[in-house]
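What's in query21.txt: compact mmCIF, N, CA and C atoms and all ligand atoms
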```
# COMPACT_ATOMS: atom_id res chain seq x y z
N MET E 1042 -48.73 2.90 3.69
CA MET E 1042 -47.44 3.51 4.01
C MET E 1042 -46.31 2.51 3.81
N ARG E 1043 -46.51 1.33 4.38
CA ARG E 1043 -45.51 0.27 4.26
C ARG E 1043 -45.31 -0.13 2.79
N THR E 1044 -46.42 -0.25 2.08
CA THR E 1044 -46.37 -0.60 0.67
C THR E 1044 -45.60 0.46 -0.12
N LEU E 1045 -45.84 1.68 0.22
CA LEU E 1045 -45.19 2.79 -0.47
C LEU E 1045 -43.67 2.74 -0.26
N LEU E 1046 -43.28 2.43 0.96
CA LEU E 1046 -41.86 2.37 1.29
C LEU E 1046 -41.18 1.25 0.48
N ILE E 1047 -41.83 0.10 0.42
CA ILE E 1047 -41.27 -1.02 -0.33
C ILE E 1047 -41.13 -0.65 -1.81
N ALA E 1048 -42.17 0.00 -2.32
CA ALA E 1048 -42.14 0.42 -3.73
C ALA E 1048 -40.96 1.36 -3.97
N ALA E 1049 -40.73 2.25 -3.03
CA ALA E 1049 -39.63 3.20 -3.16
C ALA E 1049 -38.29 2.47 -3.15
N LEU E 1050 -38.18 1.48 -2.31
CA LEU E 1050 -36.94 0.70 -2.23
C LEU E 1050 -36.68 -0.06 -3.53
N ILE E 1051 -37.77 -0.64 -4.06
CA ILE E 1051 -37.63 -1.39 -5.31
C ILE E 1051 -37.20 -0.45 -6.44
N LEU E 1052 -37.78 0.73 -6.44
CA LEU E 1052 -37.42 1.71 -7.48
C LEU E 1052 -35.97 2.16 -7.32
N ALA E 1053 -35.54 2.29 -6.08
CA ALA E 1053 -34.20 2.80 -5.83
C ALA E 1053 -33.13 1.75 -6.08
N ALA E 1054 -33.51 0.47 -6.00
CA ALA E 1054 -32.53 -0.61 -6.08
C ALA E 1054 -31.68 -0.58 -7.36
N PRO E 1055 -32.31 -0.46 -8.54
CA PRO E 1055 -31.47 -0.47 -9.76
C PRO E 1055 -30.49 0.69 -9.80
N LEU E 1056 -30.91 1.83 -9.25
CA LEU E 1056 -30.02 3.00 -9.21
C LEU E 1056 -28.81 2.72 -8.33
N ALA E 1057 -29.09 2.15 -7.16
CA ALA E 1057 -28.01 1.85 -6.22
C ALA E 1057 -27.05 0.85 -6.84
N ALA E 1058 -27.60 -0.14 -7.55
CA ALA E 1058 -26.75 -1.17 -8.17
C ALA E 1058 -25.85 -0.54 -9.23
N ALA E 1059 -26.40 0.41 -9.97
CA ALA E 1059 -25.61 1.03 -11.04
C ALA E 1059 -24.46 1.85 -10.47
N GLN E 1060 -24.63 2.33 -9.23
CA GLN E 1060 -23.58 3.17 -8.66
C GLN E 1060 -22.58 2.37 -7.83
N ALA E 1061 -22.89 1.11 -7.57
CA ALA E 1061 -21.97 0.29 -6.78
C ALA E 1061 -20.70 0.04 -7.58
N PRO E 1062 -19.54 0.21 -6.96
CA PRO E 1062 -18.29 0.05 -7.70
C PRO E 1062 -18.08 -1.37 -8.22
N ALA E 1063 -18.70 -2.36 -7.57
CA ALA E 1063 -18.47 -3.75 -7.96
C ALA E 1063 -19.18 -4.09 -9.27
N SER E 1064 -20.25 -3.38 -9.59
CA SER E 1064 -20.97 -3.69 -10.81
C SER E 1064 -20.25 -3.07 -12.00
N PRO E 1065 -20.44 -3.65 -13.20
CA PRO E 1065 -19.77 -3.07 -14.37
C PRO E 1065 -20.28 -1.66 -14.61
N ALA E 1066 -19.41 -0.70 -14.48
CA ALA E 1066 -19.80 0.69 -14.62
C ALA E 1066 -20.08 1.02 -16.07
N PRO E 1067 -21.07 1.87 -16.32
CA PRO E 1067 -21.27 2.32 -17.70
C PRO E 1067 -20.00 3.01 -18.18
N ALA E 1068 -19.70 2.82 -19.46
CA ALA E 1068 -18.43 3.33 -19.99
C ALA E 1068 -18.26 4.82 -19.71
N ALA E 1069 -19.33 5.57 -19.86
CA ALA E 1069 -19.22 7.01 -19.74
C ALA E 1069 -18.90 7.44 -18.30
N ALA E 1070 -19.16 6.55 -17.35
CA ALA E 1070 -18.97 6.91 -15.95
C ALA E 1070 -17.50 6.93 -15.55
N LEU E 1071 -16.66 6.23 -16.30
CA LEU E 1071 -15.24 6.19 -15.95
C LEU E 1071 -14.56 7.45 -16.45
N PRO E 1072 -13.86 8.14 -15.54
CA PRO E 1072 -13.15 9.34 -15.99
C PRO E 1072 -11.97 8.93 -16.87
N ARG E 1073 -11.69 9.74 -17.86
CA ARG E 1073 -10.54 9.42 -18.71
C ARG E 1073 -9.30 10.10 -18.15
N THR E 1074 -8.18 9.43 -18.33
CA THR E 1074 -6.91 9.93 -17.82
C THR E 1074 -6.21 10.69 -18.93
N ALA E 1075 -5.73 11.87 -18.62
CA ALA E 1075 -5.04 12.68 -19.63
C ALA E 1075 -3.66 12.09 -19.92
N SER E 1076 -3.27 12.14 -21.17
CA SER E 1076 -1.90 11.79 -21.53
C SER E 1076 -1.13 13.08 -21.77
N PRO E 1077 0.16 13.09 -21.44
CA PRO E 1077 0.94 14.32 -21.63
C PRO E 1077 1.21 14.57 -23.11
N PRO E 1078 1.41 15.84 -23.47
CA PRO E 1078 1.71 16.14 -24.88
C PRO E 1078 2.98 15.40 -25.32
N GLY E 1079 2.95 14.87 -26.51
CA GLY E 1079 4.13 14.21 -27.06
C GLY E 1079 4.25 12.75 -26.68
N ALA E 1080 3.34 12.24 -25.86
CA ALA E 1080 3.41 10.82 -25.50
C ALA E 1080 3.18 9.97 -26.74
N GLU E 1081 3.94 8.88 -26.82
CA GLU E 1081 3.90 8.09 -28.05
C GLU E 1081 4.15 6.62 -27.74
N ALA E 1082 3.30 5.77 -28.29
CA ALA E 1082 3.52 4.32 -28.22
C ALA E 1082 4.00 3.85 -29.58
N TYR E 1083 4.89 2.91 -29.59
CA TYR E 1083 5.40 2.40 -30.87
C TYR E 1083 5.89 0.97 -30.69
N ILE E 1084 5.86 0.23 -31.77
CA ILE E 1084 6.33 -1.15 -31.74
C ILE E 1084 7.81 -1.16 -32.14
N ILE E 1085 8.65 -1.58 -31.21
CA ILE E 1085 10.10 -1.60 -31.47
C ILE E 1085 10.41 -2.71 -32.47
N SER E 1086 9.86 -3.88 -32.20
CA SER E 1086 10.02 -4.98 -33.13
C SER E 1086 8.80 -5.89 -33.02
N PRO E 1087 8.41 -6.60 -34.05
CA PRO E 1087 9.05 -6.60 -35.37
C PRO E 1087 8.82 -5.29 -36.13
N ARG E 1088 9.59 -5.12 -37.20
CA ARG E 1088 9.43 -3.95 -38.06
C ARG E 1088 8.22 -4.13 -38.97
N ASP E 1089 7.66 -3.02 -39.37
CA ASP E 1089 6.56 -3.05 -40.33
C ASP E 1089 7.03 -3.77 -41.59
N GLY E 1090 6.25 -4.74 -42.05
CA GLY E 1090 6.58 -5.46 -43.28
C GLY E 1090 7.46 -6.67 -43.05
N ALA E 1091 7.85 -6.93 -41.80
CA ALA E 1091 8.77 -8.03 -41.52
C ALA E 1091 8.10 -9.38 -41.74
N THR E 1092 8.93 -10.37 -42.08
CA THR E 1092 8.49 -11.76 -42.16
C THR E 1092 9.09 -12.47 -40.95
N VAL E 1093 8.24 -13.10 -40.16
CA VAL E 1093 8.67 -13.65 -38.88
C VAL E 1093 8.07 -15.04 -38.68
N THR E 1094 8.56 -15.74 -37.67
CA THR E 1094 7.99 -17.04 -37.32
C THR E 1094 7.24 -16.92 -35.99
N SER E 1095 6.27 -17.81 -35.81
CA SER E 1095 5.49 -17.83 -34.57
C SER E 1095 6.17 -18.72 -33.54
N PRO E 1096 6.12 -18.40 -32.24
CA PRO E 1096 5.53 -17.19 -31.67
C PRO E 1096 6.37 -15.96 -31.97
N VAL E 1097 5.67 -14.85 -32.12
CA VAL E 1097 6.33 -13.60 -32.52
C VAL E 1097 6.68 -12.81 -31.26
N ARG E 1098 7.95 -12.46 -31.15
CA ARG E 1098 8.37 -11.62 -30.02
C ARG E 1098 8.09 -10.16 -30.38
N VAL E 1099 7.17 -9.56 -29.62
CA VAL E 1099 6.79 -8.18 -29.89
C VAL E 1099 7.31 -7.32 -28.74
N GLN E 1100 8.07 -6.27 -29.09
CA GLN E 1100 8.62 -5.37 -28.08
C GLN E 1100 7.87 -4.04 -28.13
N PHE E 1101 7.43 -3.61 -26.95
CA PHE E 1101 6.59 -2.41 -26.86
C PHE E 1101 7.44 -1.19 -26.50
N GLY E 1102 7.27 -0.13 -27.26
CA GLY E 1102 7.99 1.12 -26.97
C GLY E 1102 7.04 2.19 -26.49
N LEU E 1103 7.53 3.04 -25.60
CA LEU E 1103 6.71 4.13 -25.06
C LEU E 1103 7.61 5.33 -24.77
N LYS E 1104 7.20 6.49 -25.29
CA LYS E 1104 7.94 7.74 -25.06
C LYS E 1104 7.06 8.70 -24.30
N GLY E 1105 7.65 9.41 -23.38
CA GLY E 1105 6.93 10.49 -22.70
C GLY E 1105 6.00 10.04 -21.60
N MET E 1106 5.93 8.73 -21.37
CA MET E 1106 5.11 8.19 -20.28
C MET E 1106 5.83 6.96 -19.72
N GLY E 1107 5.32 6.46 -18.60
CA GLY E 1107 5.90 5.27 -18.00
C GLY E 1107 4.89 4.14 -17.99
N VAL E 1108 5.41 2.94 -17.76
CA VAL E 1108 4.55 1.76 -17.68
C VAL E 1108 4.27 1.45 -16.21
N ALA E 1109 3.00 1.22 -15.91
CA ALA E 1109 2.61 0.82 -14.56
C ALA E 1109 1.59 -0.31 -14.68
N PRO E 1110 1.54 -1.20 -13.70
CA PRO E 1110 0.56 -2.28 -13.78
C PRO E 1110 -0.87 -1.74 -13.75
N ALA E 1111 -1.81 -2.51 -14.28
CA ALA E 1111 -3.22 -2.16 -14.19
C ALA E 1111 -3.60 -2.04 -12.73
N GLY E 1112 -4.49 -1.12 -12.43
CA GLY E 1112 -4.95 -0.94 -11.06
C GLY E 1112 -4.11 0.05 -10.27
N VAL E 1113 -2.99 0.45 -10.83
CA VAL E 1113 -2.12 1.40 -10.15
C VAL E 1113 -2.33 2.79 -10.76
N LYS E 1114 -2.79 3.71 -9.91
CA LYS E 1114 -3.02 5.07 -10.40
C LYS E 1114 -1.77 5.89 -10.15
N PHE E 1115 -1.11 6.26 -11.20
CA PHE E 1115 0.09 7.06 -11.09
C PHE E 1115 0.16 7.92 -12.34
N GLU E 1116 0.42 9.20 -12.13
CA GLU E 1116 0.34 10.15 -13.22
C GLU E 1116 1.26 9.77 -14.40
N ASN E 1117 0.74 9.97 -15.59
CA ASN E 1117 1.50 9.76 -16.82
C ASN E 1117 2.03 8.33 -16.98
N THR E 1118 1.23 7.38 -16.54
CA THR E 1118 1.58 5.97 -16.76
C THR E 1118 0.39 5.23 -17.36
N GLY E 1119 0.65 4.03 -17.79
CA GLY E 1119 -0.40 3.16 -18.31
C GLY E 1119 0.19 1.80 -18.58
N HIS E 1120 -0.65 0.90 -19.09
CA HIS E 1120 -0.13 -0.42 -19.50
C HIS E 1120 -0.51 -0.68 -20.95
N HIS E 1121 0.28 -1.53 -21.56
CA HIS E 1121 0.13 -1.78 -22.99
C HIS E 1121 -1.00 -2.75 -23.29
N HIS E 1122 -1.62 -2.52 -24.45
CA HIS E 1122 -2.56 -3.47 -25.04
C HIS E 1122 -2.11 -3.69 -26.47
N LEU E 1123 -2.12 -4.94 -26.88
CA LEU E 1123 -1.73 -5.26 -28.25
C LEU E 1123 -2.99 -5.60 -29.04
N LEU E 1124 -3.23 -4.81 -30.08
CA LEU E 1124 -4.37 -5.05 -30.96
C LEU E 1124 -3.89 -5.92 -32.11
N ILE E 1125 -4.50 -7.07 -32.27
CA ILE E 1125 -4.10 -8.02 -33.31
C ILE E 1125 -5.24 -8.13 -34.33
N ASP E 1126 -4.93 -7.74 -35.56
CA ASP E 1126 -5.91 -7.85 -36.65
C ASP E 1126 -7.23 -7.16 -36.30
N THR E 1127 -7.15 -6.07 -35.59
CA THR E 1127 -8.39 -5.37 -35.24
C THR E 1127 -8.13 -3.88 -35.08
N ASP E 1128 -9.19 -3.10 -35.27
CA ASP E 1128 -9.14 -1.66 -35.02
C ASP E 1128 -9.28 -1.42 -33.52
N ALA E 1129 -8.87 -0.26 -33.09
CA ALA E 1129 -9.15 0.15 -31.73
C ALA E 1129 -10.66 0.29 -31.59
N PRO E 1130 -11.21 -0.09 -30.42
CA PRO E 1130 -12.66 0.04 -30.23
C PRO E 1130 -13.12 1.47 -30.50
N ALA E 1131 -14.34 1.59 -31.02
CA ALA E 1131 -14.85 2.89 -31.45
C ALA E 1131 -15.00 3.87 -30.29
N ASP E 1132 -15.36 3.37 -29.12
CA ASP E 1132 -15.56 4.25 -27.96
C ASP E 1132 -14.28 4.35 -27.15
N PRO E 1133 -13.56 5.46 -27.26
CA PRO E 1133 -12.27 5.57 -26.56
C PRO E 1133 -12.44 5.76 -25.06
N GLY E 1134 -13.68 6.00 -24.60
CA GLY E 1134 -13.90 6.21 -23.17
C GLY E 1134 -14.25 4.94 -22.43
N ALA E 1135 -14.33 3.82 -23.14
CA ALA E 1135 -14.72 2.56 -22.51
C ALA E 1135 -13.49 1.72 -22.20
N PRO E 1136 -13.55 0.92 -21.13
CA PRO E 1136 -12.43 0.02 -20.85
C PRO E 1136 -12.25 -0.95 -22.01
N LEU E 1137 -11.03 -1.23 -22.37
CA LEU E 1137 -10.77 -2.16 -23.46
C LEU E 1137 -11.18 -3.56 -23.03
N PRO E 1138 -11.93 -4.27 -23.86
CA PRO E 1138 -12.26 -5.65 -23.51
C PRO E 1138 -11.02 -6.52 -23.65
N ALA E 1139 -11.03 -7.65 -22.98
CA ALA E 1139 -9.95 -8.62 -23.14
C ALA E 1139 -10.46 -9.71 -24.08
N THR E 1140 -9.89 -9.76 -25.28
CA THR E 1140 -10.30 -10.76 -26.26
C THR E 1140 -9.05 -11.39 -26.84
N ASP E 1141 -9.23 -12.32 -27.78
CA ASP E 1141 -8.05 -12.89 -28.42
C ASP E 1141 -7.43 -11.90 -29.40
N LYS E 1142 -8.11 -10.77 -29.64
CA LYS E 1142 -7.55 -9.73 -30.51
C LYS E 1142 -7.10 -8.49 -29.75
N ILE E 1143 -7.43 -8.44 -28.48
CA ILE E 1143 -6.98 -7.32 -27.63
C ILE E 1143 -6.32 -7.92 -26.39
N LEU E 1144 -5.01 -7.96 -26.42
CA LEU E 1144 -4.27 -8.57 -25.31
C LEU E 1144 -3.88 -7.48 -24.32
N HIS E 1145 -4.13 -7.74 -23.04
CA HIS E 1145 -3.76 -6.80 -21.98
C HIS E 1145 -2.43 -7.21 -21.36
N PHE E 1146 -1.61 -6.24 -21.09
CA PHE E 1146 -0.35 -6.52 -20.39
C PHE E 1146 -0.37 -5.73 -19.08
N GLY E 1147 -1.30 -6.15 -18.25
CA GLY E 1147 -1.61 -5.45 -17.01
C GLY E 1147 -0.60 -5.61 -15.91
N LYS E 1148 0.42 -6.44 -16.14
CA LYS E 1148 1.50 -6.53 -15.14
C LYS E 1148 2.61 -5.53 -15.45
N GLY E 1149 2.42 -4.78 -16.52
CA GLY E 1149 3.42 -3.80 -16.89
C GLY E 1149 4.48 -4.35 -17.83
N GLN E 1150 4.14 -5.45 -18.52
CA GLN E 1150 5.10 -6.04 -19.45
C GLN E 1150 5.42 -5.07 -20.60
N THR E 1151 6.65 -5.16 -21.08
CA THR E 1151 7.04 -4.32 -22.22
C THR E 1151 7.43 -5.16 -23.43
N GLU E 1152 7.17 -6.45 -23.34
CA GLU E 1152 7.30 -7.31 -24.51
C GLU E 1152 6.46 -8.56 -24.30
N ALA E 1153 6.21 -9.26 -25.40
CA ALA E 1153 5.40 -10.47 -25.31
C ALA E 1153 5.79 -11.43 -26.41
N SER E 1154 5.52 -12.69 -26.18
CA SER E 1154 5.70 -13.73 -27.19
C SER E 1154 4.29 -14.15 -27.61
N VAL E 1155 3.95 -13.82 -28.86
CA VAL E 1155 2.56 -13.96 -29.30
C VAL E 1155 2.46 -15.04 -30.37
N PRO E 1156 1.71 -16.12 -30.09
CA PRO E 1156 1.50 -17.12 -31.14
C PRO E 1156 0.55 -16.59 -32.20
N LEU E 1157 0.96 -16.68 -33.46
CA LEU E 1157 0.12 -16.20 -34.56
C LEU E 1157 0.09 -17.24 -35.66
N SER E 1158 -1.05 -17.37 -36.31
CA SER E 1158 -1.18 -18.33 -37.41
C SER E 1158 -0.41 -17.82 -38.63
N PRO E 1159 -0.05 -18.72 -39.53
CA PRO E 1159 0.67 -18.29 -40.74
C PRO E 1159 -0.18 -17.30 -41.55
N GLY E 1160 0.50 -16.35 -42.17
CA GLY E 1160 -0.20 -15.36 -42.99
C GLY E 1160 0.08 -13.95 -42.51
N LYS E 1161 -0.66 -13.00 -43.08
CA LYS E 1161 -0.47 -11.59 -42.72
C LYS E 1161 -1.27 -11.24 -41.47
N HIS E 1162 -0.66 -10.43 -40.63
CA HIS E 1162 -1.34 -9.94 -39.43
C HIS E 1162 -1.00 -8.48 -39.21
N THR E 1163 -1.92 -7.76 -38.59
CA THR E 1163 -1.62 -6.39 -38.19
C THR E 1163 -1.46 -6.34 -36.68
N LEU E 1164 -0.55 -5.49 -36.26
CA LEU E 1164 -0.29 -5.28 -34.82
C LEU E 1164 -0.30 -3.78 -34.54
N GLN E 1165 -0.86 -3.44 -33.40
CA GLN E 1165 -0.91 -2.03 -33.00
C GLN E 1165 -0.95 -1.98 -31.48
N LEU E 1166 -0.27 -1.02 -30.91
CA LEU E 1166 -0.26 -0.86 -29.45
C LEU E 1166 -1.20 0.26 -29.03
N LEU E 1167 -1.90 0.03 -27.96
CA LEU E 1167 -2.78 1.06 -27.39
C LEU E 1167 -2.59 1.05 -25.88
N LEU E 1168 -2.18 2.20 -25.35
CA LEU E 1168 -1.97 2.29 -23.91
C LEU E 1168 -3.32 2.48 -23.20
N GLY E 1169 -3.45 1.88 -22.04
CA GLY E 1169 -4.66 2.07 -21.23
C GLY E 1169 -4.26 2.51 -19.83
N ASP E 1170 -5.19 3.20 -19.17
CA ASP E 1170 -4.90 3.65 -17.80
C ASP E 1170 -5.16 2.53 -16.81
N GLN E 1171 -5.22 2.88 -15.53
CA GLN E 1171 -5.37 1.83 -14.50
C GLN E 1171 -6.68 1.05 -14.65
N ASN E 1172 -7.65 1.66 -15.35
CA ASN E 1172 -8.94 1.01 -15.57
C ASN E 1172 -9.06 0.41 -16.98
N HIS E 1173 -7.95 0.32 -17.69
CA HIS E 1173 -7.93 -0.22 -19.06
C HIS E 1173 -8.64 0.71 -20.05
N VAL E 1174 -8.78 1.98 -19.68
CA VAL E 1174 -9.40 2.95 -20.57
C VAL E 1174 -8.29 3.72 -21.29
N PRO E 1175 -8.38 3.84 -22.62
CA PRO E 1175 -7.37 4.63 -23.34
C PRO E 1175 -7.30 6.07 -22.81
N HIS E 1176 -6.11 6.63 -22.86
CA HIS E 1176 -5.92 7.99 -22.37
C HIS E 1176 -6.58 9.01 -23.29
N ASN E 1177 -6.59 10.24 -22.84
CA ASN E 1177 -7.14 11.33 -23.63
C ASN E 1177 -6.08 12.39 -23.83
N PRO E 1178 -5.55 12.59 -25.04
CA PRO E 1178 -5.84 11.82 -26.25
C PRO E 1178 -5.22 10.42 -26.18
N PRO E 1179 -5.75 9.46 -26.96
CA PRO E 1179 -5.24 8.09 -26.90
C PRO E 1179 -3.76 8.02 -27.28
N VAL E 1180 -3.04 7.15 -26.59
CA VAL E 1180 -1.63 6.90 -26.91
C VAL E 1180 -1.61 5.59 -27.67
N ILE E 1181 -1.55 5.70 -29.00
CA ILE E 1181 -1.70 4.53 -29.86
C ILE E 1181 -0.59 4.54 -30.90
N SER E 1182 -0.03 3.38 -31.17
CA SER E 1182 1.06 3.30 -32.13
C SER E 1182 0.52 3.29 -33.55
N SER E 1183 1.40 3.48 -34.51
CA SER E 1183 0.97 3.20 -35.87
C SER E 1183 0.83 1.69 -36.01
N ARG E 1184 0.05 1.27 -36.96
CA ARG E 1184 -0.23 -0.14 -37.13
C ARG E 1184 0.79 -0.75 -38.09
N ILE E 1185 1.32 -1.89 -37.72
CA ILE E 1185 2.26 -2.55 -38.62
C ILE E 1185 1.62 -3.82 -39.17
N THR E 1186 2.12 -4.23 -40.33
CA THR E 1186 1.68 -5.48 -40.92
C THR E 1186 2.88 -6.41 -41.01
N ILE E 1187 2.71 -7.63 -40.52
CA ILE E 1187 3.79 -8.61 -40.60
C ILE E 1187 3.27 -9.87 -41.29
N THR E 1188 4.20 -10.66 -41.78
CA THR E 1188 3.84 -11.95 -42.37
C THR E 1188 4.47 -13.04 -41.54
N VAL E 1189 3.63 -13.96 -41.08
CA VAL E 1189 4.11 -15.09 -40.28
C VAL E 1189 4.23 -16.30 -41.18
N THR E 1190 5.39 -16.91 -41.16
CA THR E 1190 5.60 -18.11 -41.97
C THR E 1190 5.61 -19.33 -41.05
N GLY E 1191 5.42 -20.46 -41.65
CA GLY E 1191 5.47 -21.72 -40.88
C GLY E 1191 4.31 -21.82 -39.98
CU CU R 1201 -5.69 -3.45 -19.80
```
Target encoding structure tokens, full file:
Amino acid sequence: MRTLLIAALILAAPLAAAQAPASPAPAAALPRTASPPGAEAYIISPRDGATVTSPVRVQFGLKGMGVAPAGVKFENTGHHHLLIDTDAPADPGAPLPATDKILHFGKGQTEASVPLSPGKHTLQLLLGDQNHVPHNPPVISSRITITVTG
């Protein structure tokens, strides 16, 4: 009887761990936040095709929604992510990772000074909800290409 109980606890443990909020939740478990119709992210500056010097001042534009810090649940808001030389992750339901190509602006910043190496770079904005998950449908800017000199 005692052995059986221990076995049951051992079996139940991984399940309990998967449901604990502190553990990394499977991507599919996070609910996606709806974006309102007409919501749009766009890069105010630099302009597509611009030649600029590093660090590059990037200004984030957002229509139809508001900016809120990460962790704050408030309807029709999100925070900006800057995609540098990369596509948006294939799984739109997963939290965006923080990498040197995916910058999070979780304090609600609407501009950034981004150091970039000389050469061509692509920039794209992707809004994320309080959990860093893109909205449904995703609020993503068109991608611009800039040339950094010096
Ligand atoms: Cu984020």
| request: Work out how far apart atom CA of E:Lys1142 and atom C of E:Gly1169 are and give it in Å to one decimal. | output: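 The value is 16.6 Å.
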| request: Compile the contact shell of E:Ile1085 as a ChimeraX atom specification: residues with an atom at most 7 Å away, counting all atoms listed in the file, same-chain residues fewer than 6 positions apart removed. | output: /E:1099-1102
| request: Taking only C-alpha atoms and all ligand atoms into account, report as a list of chain:residue names which residues have an atom no farther than 10 Å from an atom of ligand CU 1201 (chain R). | output: E:Pro1110, E:Ala1111, E:Gly1112, E:Gly1119, E:His1120, E:His1121, E:His1122, E:Leu1123, E:Pro1136, E:Leu1137, E:Pro1138, E:Ala1139, E:Ile1143, E:Leu1144, E:His1145, E:Phe1146, E:Gly1147, E:Lys1148, E:Gly1149, E:Leu1167, E:Leu1168, E:Gly1169, E:Asp1170, E:Gln1171, E:Asn1172, E:His1173, E:Val1174, E:Pro1175
| query | Quick one: of E:Ile1185, E:Met1106, E:Val1113, E:Leu1157, who's nearest to E:Gly1079, counting all atoms listed in the file? | reply | E:Met1106
| Smallest atom-to-atom distance to E:Ser1076: which of E:Gly1134, E:Pro1179, E:Pro1096, E:Gly1191, using all atoms listed in the file? |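 Among the listed residues, E:Pro1179 lies closest to E:Ser1076.
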| query | Could you pull out the helix (DSSP H, G or I) residues of chain E from DSSP and send them as a list of chain:residue names? | reply |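 Residues of chain E classed as helix (DSSP H, G or I): E:Arg1043, E:Thr1044, E:Leu1045, E:Leu1046, E:Ile1047, E:Ala1048, E:Ala1049, E:Leu1050, E:Ile1051, E:Leu1052, E:Ala1053, E:Ala1054, E:Pro1055, E:Leu1056, E:Ala1057, E:Ala1058, E:Ala1059, E:Gln1060, E:Ala1068, E:Ala1069, E:Ala1070.
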Could you write out as AutoDock Vina command-line options the box around stretch 1164-1176 of chain E (axis-aligned, all atoms listed in the file, 3 Å on each side), with centre and edge lengths in Å to one decimal?
```
--center_x -4.8 --center_y 1.8 --center_z -25.4 --size_x 15.1 --size_y 20.5 --size_z 27.8
```
| Taking into account only C-alpha atoms, which residue in the set E:Ser1095, E:Thr1163, E:Ser1183, E:Thr1118 is nearest to E:Tyr1083? |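 With only C-alpha atoms as the atom set, the closest residue is E:Ser1183.
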